[in-house]
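Below is one structure, written out as structure tokens; the observations come after it.
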Amino acid sequence: MTETTERANVGPPDTRLWEQIAKGDHAAFTELFERHAEAVWNYAYRLTASWSQAEDLLSATFLTAWRKRGDAQLVRDSALPWLYTVTANRARTEWRASRRALRLVTKLTPQDERDHADDVAARTDAQRRLAAVVAAIAKLPASDREIAQLCLLGDMSTADAAALLGITESSVRARVSRTRARLRDLTPEDTP
């Protein structure tokens, strides 16, 4: 059991905290943050391959959680899947915005000058590869995408994913294997 999972098992369940947060309880929100911040940051880092972007996504995710405290309902006992979903959505939105900005810069830059974006792209090859994997995950069917986000990007154990999804652990392992094979087909050769 990981340290994050152990911390999640101490104190009231997430659903009870979420009910208290919906009523504006700052202490419950702080406890939820302390319980899941590390896991959300790690997930955000795996989505972006950037420490600073992971920090920004962590902040944005919990800001969204606070803002949606009265509207959002947890379906399962853990708030982590909901937090992962918010993180992934924010990461995709930021990725699309950065791609639009990069296209605009490319259009505005004279062709004979060396573009600063090329230098940045050369130094962030790991981010490009991770973005290719994230884009490939977005093309997967919903059930495979969920498995990829939880087990491959979220580093959740197959046992935890099985409990969370209400399926057997062997089904999760089979889905992970199938998802990895599909991702190999969807990503370029130089993507690990």
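In the structure tokens, the first chain shown is A, the next is B, and so on; residue numbers restart at 1 for each chain, and ligands run from 1 in the order shown.
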Give one line per residue of segment 75-169 of chain A that approaches segment 46-67 of chain A to at most 6 Å, naming the two atoms of the closest pair and their distance in Å to one decimal, counting only C-alpha atoms; sort by chain then ascending residue number and deliver it as a tab-separated table.
residue	atom	partner	partner_atom	distance
A:Val86	CA	A:Thr61	CA	6.0
A:Thr87	CA	A:Thr61	CA	5.6
A:Gln127	CA	A:Ala49	CA	5.3
A:Leu153	CA	A:Arg46	CA	6.0
Selected residues written out with N, CA and C atoms, as a short mmCIF file (atom, residue, chain, number, x, y, z; two decimals), in the first residue's frame:
data_model
loop_
_atom_site.label_atom_id
_atom_site.label_comp_id
_atom_site.auth_asym_id
_atom_site.auth_seq_id
_atom_site.Cartn_x
_atom_site.Cartn_y
_atom_site.Cartn_z
N VAL A 86 -10.55 16.06 -13.38
CA VAL A 86 -10.39 17.52 -13.48
C VAL A 86 -8.98 17.86 -13.94
N THR A 87 -7.98 17.18 -13.40
CA THR A 87 -6.59 17.42 -13.77
C THR A 87 -6.37 17.12 -15.25
N GLN A 127 8.73 16.22 -23.14
CA GLN A 127 7.36 16.73 -23.10
C GLN A 127 6.61 16.37 -24.38
N LEU A 153 -1.00 6.33 -16.36
CA LEU A 153 -0.60 7.69 -16.00
C LEU A 153 -0.74 7.94 -14.50
#
Segment 94-100 of chain A surroundings by only C-alpha atoms, 9 Å radius, close-in-sequence under 5 positions cut, as a PDB file with N, CA and C atoms, in the first residue's frame:
ATOM      1  N   THR A  48       2.165  16.088 -18.058  1.00  0.00           N
ATOM      2  CA  THR A  48       2.833  17.245 -18.664  1.00  0.00           C
ATOM      3  C   THR A  48       4.340  17.125 -18.765  1.00  0.00           C
ATOM      4  N   ASN A  89      -8.589  17.017 -17.680  1.00  0.00           N
ATOM      5  CA  ASN A  89      -9.311  17.994 -18.502  1.00  0.00           C
ATOM      6  C   ASN A  89      -8.568  19.318 -18.574  1.00  0.00           C
ATOM      7  N   VAL A 105       2.489  31.733 -33.310  1.00  0.00           N
ATOM      8  CA  VAL A 105       3.879  32.219 -33.321  1.00  0.00           C
ATOM      9  C   VAL A 105       4.558  31.810 -34.621  1.00  0.00           C
ATOM     10  N   ALA A 131       3.317  14.198 -24.572  1.00  0.00           N
ATOM     11  CA  ALA A 131       2.130  14.758 -25.235  1.00  0.00           C
ATOM     12  C   ALA A 131       1.602  13.786 -26.281  1.00  0.00           C
TER      13      ALA A 131
END
message: I need the residue nearest Arg175 of chain A from this list: A:Glu38, A:Glu146, A:Asp71, A:Asp77. Use only C-alpha atoms for the distance.
response: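 Answer, going by the shortest atom-to-atom distance: A:Glu146.
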query: Pick from A:Ser177, A:Leu130, A:Thr85, A:Thr158: nearest to Val40 of chain A, with only C-alpha atoms counted?
result: A:Thr85
query: Any idea what the distance is between atom CA of Cys151 of chain A and atom CA of Tyr43 of chain A?
result: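 Computing it gives 10.4 Å between the two atoms.
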- request: Write out as a PyMOL selection string which residues come within 7 Å of Ala148 of chain A when counting only C-alpha atoms, dropping same-chain ones fewer than 6 positions away.
  value: chain A and resi 137+176+179
message: Would you compute the distance between atom CA of Arg76 of chain A and atom CA of Thr93 of chain A? Give it in Å to one decimal.
response: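 If I compute the distance from atom CA of Arg76 of chain A to atom CA of Thr93 of chain A, I get 25.3 Å.
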Close residues, segment 162-165 of chain A itself excluded, 12 Å, only C-alpha atoms, min 2 positions apart in chain, as a ChimeraX atom specification: /A:75-82,143,146-147,150-151,156-160,167-176
Take the selection from the previous step and output its residues with N, CA and C atoms, as a PDB file, in the first residue's frame.
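What ended up in result.pdb:
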ATOM      1  N   VAL A  75     -19.068   9.891  -7.053  1.00  0.00           N
ATOM      2  CA  VAL A  75     -19.799   8.670  -7.373  1.00  0.00           C
ATOM      3  C   VAL A  75     -19.274   7.508  -6.543  1.00  0.00           C
ATOM      4  N   ARG A  76     -17.990   7.533  -6.286  1.00  0.00           N
ATOM      5  CA  ARG A  76     -17.364   6.456  -5.527  1.00  0.00           C
ATOM      6  C   ARG A  76     -16.876   7.012  -4.193  1.00  0.00           C
ATOM      7  N   ASP A  77     -16.312   6.154  -3.378  1.00  0.00           N
ATOM      8  CA  ASP A  77     -15.877   6.569  -2.046  1.00  0.00           C
ATOM      9  C   ASP A  77     -14.675   7.495  -2.057  1.00  0.00           C
ATOM     10  N   SER A  78     -13.900   7.507  -3.138  1.00  0.00           N
ATOM     11  CA  SER A  78     -12.685   8.314  -3.204  1.00  0.00           C
ATOM     12  C   SER A  78     -12.892   9.532  -4.102  1.00  0.00           C
ATOM     13  N   ALA A  79     -12.322  10.649  -3.691  1.00  0.00           N
ATOM     14  CA  ALA A  79     -12.372  11.853  -4.519  1.00  0.00           C
ATOM     15  C   ALA A  79     -11.291  11.822  -5.586  1.00  0.00           C
ATOM     16  N   LEU A  80     -10.345  10.914  -5.483  1.00  0.00           N
ATOM     17  CA  LEU A  80      -9.206  10.874  -6.389  1.00  0.00           C
ATOM     18  C   LEU A  80      -9.601  10.720  -7.862  1.00  0.00           C
ATOM     19  N   PRO A  81     -10.526   9.825  -8.245  1.00  0.00           N
ATOM     20  CA  PRO A  81     -10.900   9.746  -9.659  1.00  0.00           C
ATOM     21  C   PRO A  81     -11.472  11.072 -10.184  1.00  0.00           C
ATOM     22  N   TRP A  82     -12.275  11.737  -9.380  1.00  0.00           N
ATOM     23  CA  TRP A  82     -12.831  13.029  -9.795  1.00  0.00           C
ATOM     24  C   TRP A  82     -11.705  14.055  -9.945  1.00  0.00           C
ATOM     25  N   SER A 143     -13.491   3.295 -21.909  1.00  0.00           N
ATOM     26  CA  SER A 143     -13.073   2.357 -20.863  1.00  0.00           C
ATOM     27  C   SER A 143     -11.560   2.180 -20.858  1.00  0.00           C
ATOM     28  N   GLU A 146      -9.944   5.347 -19.457  1.00  0.00           N
ATOM     29  CA  GLU A 146     -10.025   5.390 -18.002  1.00  0.00           C
ATOM     30  C   GLU A 146      -8.946   4.513 -17.372  1.00  0.00           C
ATOM     31  N   ILE A 147      -8.746   3.324 -17.924  1.00  0.00           N
ATOM     32  CA  ILE A 147      -7.703   2.424 -17.426  1.00  0.00           C
ATOM     33  C   ILE A 147      -6.333   3.060 -17.615  1.00  0.00           C
ATOM     34  N   LEU A 150      -5.871   5.878 -15.075  1.00  0.00           N
ATOM     35  CA  LEU A 150      -5.720   5.413 -13.697  1.00  0.00           C
ATOM     36  C   LEU A 150      -4.435   4.610 -13.498  1.00  0.00           C
ATOM     37  N   CYS A 151      -4.210   3.604 -14.336  1.00  0.00           N
ATOM     38  CA  CYS A 151      -3.111   2.662 -14.097  1.00  0.00           C
ATOM     39  C   CYS A 151      -1.798   3.079 -14.753  1.00  0.00           C
ATOM     40  N   MET A 156      -1.941   3.931 -10.497  1.00  0.00           N
ATOM     41  CA  MET A 156      -2.799   3.249  -9.531  1.00  0.00           C
ATOM     42  C   MET A 156      -2.604   1.741  -9.704  1.00  0.00           C
ATOM     43  N   SER A 157      -2.585   1.017  -8.619  1.00  0.00           N
ATOM     44  CA  SER A 157      -2.411  -0.431  -8.698  1.00  0.00           C
ATOM     45  C   SER A 157      -3.640  -1.067  -9.349  1.00  0.00           C
ATOM     46  N   THR A 158      -3.447  -2.262  -9.914  1.00  0.00           N
ATOM     47  CA  THR A 158      -4.583  -2.941 -10.535  1.00  0.00           C
ATOM     48  C   THR A 158      -5.642  -3.302  -9.503  1.00  0.00           C
ATOM     49  N   ALA A 159      -5.204  -3.597  -8.291  1.00  0.00           N
ATOM     50  CA  ALA A 159      -6.172  -3.927  -7.231  1.00  0.00           C
ATOM     51  C   ALA A 159      -7.024  -2.702  -6.888  1.00  0.00           C
ATOM     52  N   ASP A 160      -6.379  -1.540  -6.746  1.00  0.00           N
ATOM     53  CA  ASP A 160      -7.130  -0.321  -6.436  1.00  0.00           C
ATOM     54  C   ASP A 160      -8.050   0.052  -7.591  1.00  0.00           C
ATOM     55  N   ILE A 167     -14.772  -3.952 -10.933  1.00  0.00           N
ATOM     56  CA  ILE A 167     -14.518  -5.107 -11.791  1.00  0.00           C
ATOM     57  C   ILE A 167     -13.397  -5.929 -11.163  1.00  0.00           C
ATOM     58  N   THR A 168     -13.131  -7.109 -11.722  1.00  0.00           N
ATOM     59  CA  THR A 168     -12.090  -7.964 -11.158  1.00  0.00           C
ATOM     60  C   THR A 168     -10.710  -7.434 -11.513  1.00  0.00           C
ATOM     61  N   GLU A 169      -9.761  -7.808 -10.687  1.00  0.00           N
ATOM     62  CA  GLU A 169      -8.378  -7.381 -10.922  1.00  0.00           C
ATOM     63  C   GLU A 169      -7.841  -7.975 -12.221  1.00  0.00           C
ATOM     64  N   SER A 170      -8.235  -9.197 -12.543  1.00  0.00           N
ATOM     65  CA  SER A 170      -7.782  -9.807 -13.803  1.00  0.00           C
ATOM     66  C   SER A 170      -8.334  -9.038 -15.004  1.00  0.00           C
ATOM     67  N   SER A 171      -9.545  -8.506 -14.886  1.00  0.00           N
ATOM     68  CA  SER A 171     -10.102  -7.676 -15.964  1.00  0.00           C
ATOM     69  C   SER A 171      -9.287  -6.397 -16.133  1.00  0.00           C
ATOM     70  N   VAL A 172      -8.869  -5.809 -15.020  1.00  0.00           N
ATOM     71  CA  VAL A 172      -8.051  -4.604 -15.093  1.00  0.00           C
ATOM     72  C   VAL A 172      -6.718  -4.917 -15.766  1.00  0.00           C
ATOM     73  N   ARG A 173      -6.087  -6.041 -15.361  1.00  0.00           N
ATOM     74  CA  ARG A 173      -4.801  -6.408 -15.977  1.00  0.00           C
ATOM     75  C   ARG A 173      -4.957  -6.626 -17.476  1.00  0.00           C
ATOM     76  N   ALA A 174      -6.035  -7.289 -17.879  1.00  0.00           N
ATOM     77  CA  ALA A 174      -6.277  -7.531 -19.303  1.00  0.00           C
ATOM     78  C   ALA A 174      -6.477  -6.211 -20.042  1.00  0.00           C
ATOM     79  N   ARG A 175      -7.233  -5.300 -19.439  1.00  0.00           N
ATOM     80  CA  ARG A 175      -7.457  -3.987 -20.071  1.00  0.00           C
ATOM     81  C   ARG A 175      -6.160  -3.193 -20.173  1.00  0.00           C
ATOM     82  N   VAL A 176      -5.332  -3.257 -19.130  1.00  0.00           N
ATOM     83  CA  VAL A 176      -4.052  -2.549 -19.157  1.00  0.00           C
ATOM     84  C   VAL A 176      -3.193  -3.096 -20.290  1.00  0.00           C
TER      85      VAL A 176
END
